[in-house]
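Coordinates as given in entry.cif (mmCIF, C-alpha atoms):
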```cif
data_start
loop_
_atom_site.label_atom_id
_atom_site.label_comp_id
_atom_site.auth_asym_id
_atom_site.auth_seq_id
_atom_site.Cartn_x
_atom_site.Cartn_y
_atom_site.Cartn_z
CA MET A 1 -0.71 92.56 116.10
CA MET A 2 -0.07 92.98 112.40
CA SER A 3 -2.60 94.90 110.36
CA LEU A 4 -3.14 94.83 106.62
CA ALA A 5 -4.83 97.46 104.42
CA ALA A 6 -6.32 95.88 101.30
CA ARG A 7 -9.36 95.67 99.10
CA SER A 8 -12.21 93.95 100.83
CA GLY A 9 -13.22 92.10 97.69
CA ALA A 10 -9.90 90.29 97.42
CA PHE A 11 -10.06 88.82 100.96
CA SER A 12 -13.79 88.22 101.18
CA PRO A 13 -13.63 84.50 100.10
CA TYR A 14 -11.23 83.72 102.96
CA MET A 15 -12.52 85.65 105.95
CA GLN A 16 -15.70 86.93 107.50
CA ALA A 17 -15.62 89.98 109.74
CA THR A 18 -17.80 92.64 111.22
CA ALA A 19 -17.42 96.13 109.69
CA PHE A 20 -17.95 99.54 111.29
CA THR A 21 -18.14 103.05 109.82
CA VAL A 22 -16.00 106.02 110.72
CA ALA A 23 -17.73 109.35 111.45
CA GLY A 24 -17.29 111.99 108.76
CA PRO A 25 -18.91 115.16 107.46
CA LEU A 26 -20.74 113.45 104.62
CA LYS A 27 -23.06 110.92 106.31
CA ALA A 28 -24.26 109.81 109.70
CA LEU A 29 -22.92 106.57 111.25
CA LEU A 30 -24.37 103.43 109.63
CA PRO A 31 -23.81 99.80 110.56
CA GLY A 32 -22.37 97.61 107.87
CA VAL A 33 -21.37 93.95 107.41
CA VAL A 34 -18.77 92.48 105.07
CA LEU A 35 -19.96 89.14 103.74
CA LYS A 36 -18.41 86.39 101.71
CA GLY A 37 -18.99 86.64 98.00
CA GLU A 38 -17.59 85.68 94.65
CA LYS A 39 -18.10 89.09 93.12
CA ILE A 40 -15.15 91.50 93.24
CA VAL A 41 -16.38 95.02 93.99
CA LEU A 42 -13.19 96.83 92.91
CA ASN A 43 -10.75 96.00 90.15
CA PRO A 44 -7.63 94.56 91.91
CA LYS A 45 -5.40 95.46 88.96
CA LYS A 46 -5.66 99.18 89.73
CA GLN A 47 -4.05 101.23 92.50
CA PHE A 48 -5.63 101.12 95.88
CA LEU A 49 -7.23 104.15 97.55
CA CYS A 50 -6.39 106.86 95.05
CA ARG A 51 -8.53 109.14 92.98
CA GLU A 52 -7.74 107.36 89.73
CA SER A 53 -8.53 103.90 91.07
CA LEU A 54 -11.82 104.87 92.70
CA ASN A 55 -13.06 107.11 89.89
CA GLY A 56 -15.95 105.42 88.09
CA GLN A 57 -15.84 102.21 90.22
CA SER A 58 -17.17 103.08 93.64
CA PRO A 59 -20.68 104.52 93.86
CA MET A 60 -21.19 108.27 94.11
CA ARG A 61 -21.27 108.04 97.89
CA GLY A 62 -19.62 104.64 98.09
CA PRO A 63 -16.98 103.62 100.66
CA ALA A 64 -13.28 102.84 100.45
CA VAL A 65 -12.66 99.78 102.71
CA THR A 66 -9.68 98.88 104.91
CA VAL A 67 -9.52 95.37 106.39
CA SER A 68 -7.25 93.98 109.11
CA ILE A 69 -6.42 90.30 109.68
CA ASN A 70 -7.83 90.22 113.20
CA GLY A 71 -11.34 90.93 112.01
CA PRO A 72 -12.72 94.50 112.14
CA ALA A 73 -13.01 96.51 108.94
CA GLY A 74 -13.20 100.31 108.51
CA VAL A 75 -15.36 102.10 105.95
CA ARG A 76 -14.40 105.63 104.79
CA PHE A 77 -16.02 107.75 102.11
CA ALA A 78 -13.78 108.47 99.12
CA HIS A 79 -15.35 111.89 98.33
CA THR A 80 -16.11 110.82 94.78
CA ASP A 81 -19.17 113.04 94.78
CA VAL A 82 -17.10 116.26 94.52
CA ARG A 83 -18.42 118.19 91.54
CA VAL A 84 -15.76 119.55 89.14
CA PRO A 85 -16.63 123.02 87.72
CA ASP A 86 -17.34 123.25 84.02
CA PHE A 87 -15.15 125.83 82.29
CA SER A 88 -16.54 125.24 78.78
CA ASP A 89 -17.96 128.76 78.60
CA TYR A 90 -14.44 130.19 79.01
CA ARG A 91 -12.70 127.95 76.48
CA ARG A 92 -12.42 128.53 72.78
CA PRO A 93 -14.65 126.39 70.55
CA ASP A 94 -11.59 124.85 68.86
CA VAL A 95 -10.39 123.22 72.09
CA LEU A 96 -13.71 122.10 73.65
CA ASP A 97 -13.37 118.52 72.44
CA PRO A 98 -10.87 116.65 74.70
CA ASN A 99 -10.46 113.92 72.10
CA LYS A 100 -9.38 116.34 69.37
CA SER A 101 -5.79 117.57 69.01
CA SER A 102 -5.36 121.28 69.65
CA GLN A 103 -2.48 121.47 67.18
CA ASP A 104 -4.92 121.65 64.27
CA SER A 105 -6.23 125.03 65.47
CA SER A 106 -3.00 126.40 66.94
CA GLU A 107 -2.33 128.72 63.99
CA SER A 108 -5.67 130.53 64.22
CA ARG A 109 -5.44 130.78 68.01
CA ARG A 110 -1.90 132.13 67.74
CA ILE A 111 -3.03 134.82 65.26
CA PHE A 112 -5.80 135.85 67.62
CA SER A 113 -3.33 136.10 70.53
CA TYR A 114 -0.93 138.19 68.43
CA LEU A 115 -3.80 140.48 67.39
CA ILE A 116 -4.91 141.05 70.98
CA THR A 117 -1.30 141.61 72.13
CA GLY A 118 -0.58 144.07 69.31
CA ALA A 119 -3.79 146.03 69.89
CA THR A 120 -3.10 146.23 73.62
CA THR A 121 0.45 147.44 72.96
CA VAL A 122 -0.72 150.16 70.57
CA MET A 123 -3.34 151.35 73.03
CA GLY A 124 -0.78 151.35 75.86
CA VAL A 125 1.74 153.36 73.84
CA TYR A 126 -0.93 155.87 72.80
CA ALA A 127 -2.11 156.24 76.41
CA ALA A 128 1.47 156.75 77.60
CA LYS A 129 2.07 159.35 74.86
CA THR A 130 -1.10 161.21 75.87
CA VAL A 131 -0.11 161.24 79.53
CA VAL A 132 3.41 162.49 78.77
CA THR A 133 2.08 165.17 76.40
CA GLN A 134 -0.41 166.43 78.96
CA PHE A 135 2.26 166.43 81.67
CA VAL A 136 4.74 168.39 79.55
CA SER A 137 2.11 170.85 78.34
CA SER A 138 1.07 171.51 81.94
CA MET A 139 4.57 172.85 82.61
CA SER A 140 4.53 175.15 79.55
CA ALA A 141 3.94 178.87 79.86
CA SER A 142 0.33 180.02 79.94
CA ALA A 143 -1.23 182.15 77.21
CA ASP A 144 -0.90 185.40 79.15
CA VAL A 145 2.78 184.73 79.78
CA LEU A 146 3.39 183.94 76.11
CA ALA A 147 1.62 187.16 75.16
CA LEU A 148 4.11 189.12 77.23
CA SER A 149 7.10 187.31 75.78
CA LYS A 150 7.04 189.50 72.68
CA ILE A 151 6.64 193.22 72.15
CA GLU A 152 5.91 195.04 68.92
CA ILE A 153 7.34 198.56 68.59
CA LYS A 154 6.48 201.18 65.98
CA LEU A 155 9.79 202.74 64.93
CA GLY A 156 8.16 205.76 63.37
CA ASP A 157 7.45 207.10 66.88
CA ILE A 158 11.18 207.38 67.71
CA PRO A 159 12.95 210.38 66.18
CA GLU A 160 16.56 210.18 65.02
CA GLY A 161 19.13 210.63 67.78
CA LYS A 162 16.64 209.77 70.52
CA ASN A 163 16.18 206.78 72.80
CA MET A 164 12.89 205.35 74.07
CA THR A 165 12.39 202.93 76.95
CA PHE A 166 9.81 200.10 76.90
CA LYS A 167 8.91 197.45 79.44
CA TRP A 168 9.58 193.92 78.19
CA ARG A 169 9.39 190.82 80.39
CA GLY A 170 9.61 193.04 83.46
CA LYS A 171 12.82 194.70 82.31
CA PRO A 172 13.56 198.08 80.68
CA LEU A 173 14.21 197.86 76.95
CA PHE A 174 16.21 200.61 75.24
CA VAL A 175 15.46 201.32 71.56
CA ARG A 176 17.81 203.95 70.11
CA HIS A 177 17.53 205.62 66.71
CA ARG A 178 21.13 206.47 65.84
CA THR A 179 22.36 209.23 63.61
CA GLU A 180 24.81 208.73 60.76
CA LYS A 181 27.53 210.31 62.89
CA GLU A 182 26.96 207.84 65.74
CA ILE A 183 26.96 204.92 63.32
CA ALA A 184 30.31 205.97 61.84
CA ALA A 185 31.86 206.66 65.25
CA GLU A 186 30.93 203.26 66.66
CA ALA A 187 32.13 201.43 63.54
CA GLU A 188 35.60 202.97 63.89
CA VAL A 189 36.17 201.86 67.48
CA ASN A 190 39.20 199.58 67.93
CA ILE A 191 37.70 196.45 69.52
CA SER A 192 41.08 195.42 70.96
CA GLU A 193 40.75 198.33 73.40
CA LEU A 194 37.36 197.17 74.68
CA ARG A 195 36.85 195.26 77.94
CA ASP A 196 34.24 193.07 76.28
CA PRO A 197 35.41 193.03 72.62
CA GLN A 198 32.49 193.11 70.20
CA HIS A 199 32.15 194.87 66.86
CA ASP A 200 29.21 197.21 66.33
CA LYS A 201 27.95 195.28 63.31
CA ASP A 202 27.71 192.14 65.49
CA ARG A 203 25.34 193.92 67.89
CA VAL A 204 22.84 195.39 65.42
CA VAL A 205 20.66 194.08 62.61
CA ASN A 206 19.99 197.53 61.17
CA PRO A 207 22.80 200.07 61.86
CA SER A 208 20.25 202.81 62.47
CA TRP A 209 18.70 201.00 65.42
CA VAL A 210 20.31 199.78 68.64
CA ILE A 211 18.11 197.58 70.85
CA VAL A 212 19.54 196.55 74.24
CA LEU A 213 18.29 195.68 77.72
CA GLY A 214 18.50 198.64 80.08
CA VAL A 215 20.15 196.64 82.87
CA CYS A 216 23.68 197.47 83.95
CA THR A 217 25.92 194.39 83.87
CA HIS A 218 27.57 195.45 87.13
CA LEU A 219 24.81 195.21 89.75
CA GLY A 220 21.62 195.41 87.67
CA CYS A 221 20.92 199.14 87.89
CA VAL A 222 19.12 201.03 85.11
CA PRO A 223 21.47 203.30 83.13
CA ILE A 224 20.56 206.75 81.84
CA ALA A 225 20.28 207.11 78.06
CA ASN A 226 22.15 209.78 76.06
CA ALA A 227 24.59 210.35 78.94
CA GLY A 228 28.13 209.50 79.98
CA ASP A 229 31.56 210.17 78.54
CA PHE A 230 30.81 208.29 75.31
CA GLY A 231 27.34 209.63 74.56
CA GLY A 232 25.57 206.33 74.98
CA TYR A 233 24.41 205.19 78.42
CA TYR A 234 25.57 206.02 81.90
CA CYS A 235 24.91 204.17 85.17
CA PRO A 236 25.10 206.70 88.05
CA CYS A 237 25.14 204.02 90.73
CA HIS A 238 28.80 203.05 90.25
CA GLY A 239 29.89 205.09 87.25
CA SER A 240 29.72 202.65 84.32
CA HIS A 241 29.88 204.32 80.87
CA TYR A 242 28.55 202.69 77.69
CA ASP A 243 28.83 203.95 74.12
CA ALA A 244 26.02 204.31 71.55
CA SER A 245 26.32 200.60 70.74
CA GLY A 246 25.82 199.56 74.39
CA ARG A 247 29.44 198.46 74.86
CA ILE A 248 31.16 199.06 78.21
CA ARG A 249 33.89 201.67 77.87
CA LYS A 250 34.56 202.82 81.42
CA GLY A 251 33.62 201.86 84.97
CA PRO A 252 33.20 198.61 86.96
CA ALA A 253 30.70 196.85 84.64
CA PRO A 254 32.36 193.72 83.20
CA LEU A 255 30.18 193.14 80.12
CA ASN A 256 28.34 195.01 77.39
CA LEU A 257 24.58 195.61 77.64
CA GLU A 258 22.65 192.52 76.60
CA VAL A 259 21.14 192.43 73.10
CA PRO A 260 17.83 190.50 72.97
CA PHE A 261 16.55 188.66 69.92
CA TYR A 262 14.53 190.86 67.58
CA GLU A 263 13.47 191.07 63.96
CA PHE A 264 12.08 193.63 61.53
CA PRO A 265 8.87 192.42 59.82
CA ASP A 266 8.90 195.73 57.90
CA GLU A 267 10.83 199.02 57.87
CA ASP A 268 8.63 200.71 60.48
CA THR A 269 8.14 197.81 62.93
CA VAL A 270 10.36 195.71 65.16
CA ILE A 271 9.30 192.67 67.20
CA VAL A 272 11.43 191.87 70.23
CA GLY A 273 11.32 188.33 71.63
#
```

Written as structure tokens, how would this file's structure read?
Amino acid sequence: MMSLAARSGAFSPYMQATAFTVAGPLKALLPGVVLKGEKIVLNPKKQFLCRESLNGQSPMRGPAVTVSINGPAGVRFAHTDVRVPDFSDYRRPDVLDPNKSSQDSSESRRIFSYLITGATTVMGVYAAKTVVTQFVSSMSASADVLALSKIEIKLGDIPEGKNMTFKWRGKPLFVRHRTEKEIAAEAEVNISELRDPQHDKDRVVNPSWVIVLGVCTHLGCVPIANAGDFGGYYCPCHGSHYDASGRIRKGPAPLNLEVPFYEFPDEDTVIVG
């Protein structure tokens, strides 16, 4: 048996058949009859059984018809009653009219898009900068730690030829007020004979004051001031001798005593750190 799917209006003048409906979710079963007639229900020049061909031609709940040569016809709903959402509230006023070209308003819409993109970029960069700044600042030293990073010493409390010890950053700090004899003796030392060659003038800002860390460069012991074979500092742990400039002259220590950063805001004050 050969079957043919076609528009019922095109074959209605030549055949008469009984129609039946197919069950679906939209309507209950209804009997129907296809009769002869001169009127064409659908436009035969358009495609058959597609959304474009049925749109605006079949009724809101009208059927799409299939007919076979041997008689029976099937009726199926085309779902033309599906409601399309209206997105007019989300569209710009310049492009609401479907019959109007959007090219006329493209320049203004493009400027608006650039403005929004630029503002978003600026806000994103500023937010990223704030996050990075907060993250870096969280790793910085706290105020109490920064307060201990510097120490101010009154030089008038240290007599000439004496050494005083201060605590700075958890380490002993030696501040020595040298005599003219000590200054001359240290300036005449031949640096080629030193284990760690360094001239006296390179270790002091003011020749009258020597400021060094009181940590032996051998194993970290604390030397004794105004002691040793050279009249400077002496480490009794392993016998390291330093002169009045803090330079190693004898013993196992490999390096001179460390000189921290310091400055003189005035003649009677020194700030270390």

Expansion of the PyMOL selection byres ((chain A and resi 168) around 8) into residues, as a PyMOL selection string: chain A and resi 148-151+166-167+169-173

Just write the chosen residues, C-alpha atoms, as a PDB file, keeping the file's coordinate frame.
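This went into part.pdb:
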```
ATOM      1  CA  LEU A 148       4.110 189.120  77.230  1.00  0.00           C
ATOM      2  CA  SER A 149       7.100 187.310  75.780  1.00  0.00           C
ATOM      3  CA  LYS A 150       7.040 189.500  72.680  1.00  0.00           C
ATOM      4  CA  ILE A 151       6.640 193.220  72.150  1.00  0.00           C
ATOM      5  CA  PHE A 166       9.810 200.100  76.900  1.00  0.00           C
ATOM      6  CA  LYS A 167       8.910 197.450  79.440  1.00  0.00           C
ATOM      7  CA  ARG A 169       9.390 190.820  80.390  1.00  0.00           C
ATOM      8  CA  GLY A 170       9.610 193.040  83.460  1.00  0.00           C
ATOM      9  CA  LYS A 171      12.820 194.700  82.310  1.00  0.00           C
ATOM     10  CA  PRO A 172      13.560 198.080  80.680  1.00  0.00           C
ATOM     11  CA  LEU A 173      14.210 197.860  76.950  1.00  0.00           C
TER      12      LEU A 173
END
```

Contacts of Glu107 of chain A within 12 Å, all atoms listed in the file, excl. fewer than 6 positions in-chain, as a PyMOL selection string: chain A and resi 94+113-114

Between atom CA of Glu193 of chain A and atom CA of Gly228 of chain A, distance in Å (one decimal): 18.1 Å

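Note that the spacing between atom CA of Glu267 of chain A and atom CA of Ala225 of chain A amounts to 23.7 Å.
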
Output of the PyMOL selection byres ((chain A and resi 152-162) around 6), listed as a ChimeraX atom specification: /A:151,163,176-179,268-271

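Rounded to one decimal, atom CA of Leu219 of chain A and atom CA of Pro197 of chain A lie 20.3 Å from each other.
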
Residue among A:Ser106, A:Ala143, A:Trp209, A:Arg247 lying closest to Arg92 of chain A, counting only C-alpha atoms: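 Between A:Ser106, A:Ala143, A:Trp209, A:Arg247, the residue approaching Arg92 of chain A most closely is A:Ser106.
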
Residue by residue, what does the PyMOL selection byres ((chain A and resi 194) around 10) grab here? Present the result as a JSON list (two decimals) with C-alpha atoms, in the coordinates of the input.
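Wrote it out as part_35.json, contents follow:
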```
[["chain", "number", "residue", "atom", "x", "y", "z"],
["A", 189, "VAL", "CA", 36.17, 201.86, 67.48],
["A", 190, "ASN", "CA", 39.20, 199.58, 67.93],
["A", 191, "ILE", "CA", 37.70, 196.45, 69.52],
["A", 192, "SER", "CA", 41.08, 195.42, 70.96],
["A", 193, "GLU", "CA", 40.75, 198.33, 73.40],
["A", 195, "ARG", "CA", 36.85, 195.26, 77.94],
["A", 196, "ASP", "CA", 34.24, 193.07, 76.28],
["A", 197, "PRO", "CA", 35.41, 193.03, 72.62],
["A", 198, "GLN", "CA", 32.49, 193.11, 70.20],
["A", 199, "HIS", "CA", 32.15, 194.87, 66.86],
["A", 247, "ARG", "CA", 29.44, 198.46, 74.86],
["A", 248, "ILE", "CA", 31.16, 199.06, 78.21],
["A", 249, "ARG", "CA", 33.89, 201.67, 77.87],
["A", 250, "LYS", "CA", 34.56, 202.82, 81.42],
["A", 255, "LEU", "CA", 30.18, 193.14, 80.12],
["A", 256, "ASN", "CA", 28.34, 195.01, 77.39]]
```

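In this comparison, which uses only C-alpha atoms, the residue of A:Ala227, A:Ala184, A:Met164, A:Ala127 approaching Asp243 of chain A most closely is A:Ala227.
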
Expected answer as a PyMOL selection string: all residues with atoms within 6 Å of (30.6, 195.1, 84.4), only C-alpha atoms: chain A and resi 217-218+252-255

Using C-alpha atoms, can you write the selected residues to a file as a short mmCIF file (atom, residue, chain, number, x, y, z; two decimals), in the coordinates of the input?
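Below you can see out17.cif, which holds the result:
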```cif
data_model
loop_
_atom_site.label_atom_id
_atom_site.label_comp_id
_atom_site.auth_asym_id
_atom_site.auth_seq_id
_atom_site.Cartn_x
_atom_site.Cartn_y
_atom_site.Cartn_z
CA THR A 217 25.92 194.39 83.87
CA HIS A 218 27.57 195.45 87.13
CA PRO A 252 33.20 198.61 86.96
CA ALA A 253 30.70 196.85 84.64
CA PRO A 254 32.36 193.72 83.20
CA LEU A 255 30.18 193.14 80.12
#
```

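Minimum atom-to-atom distances from A:Pro207, A:Pro260, A:Pro98, A:Gly124 to Val272 of chain A were compared using only C-alpha atoms, and the lowest value belongs to A:Pro260.
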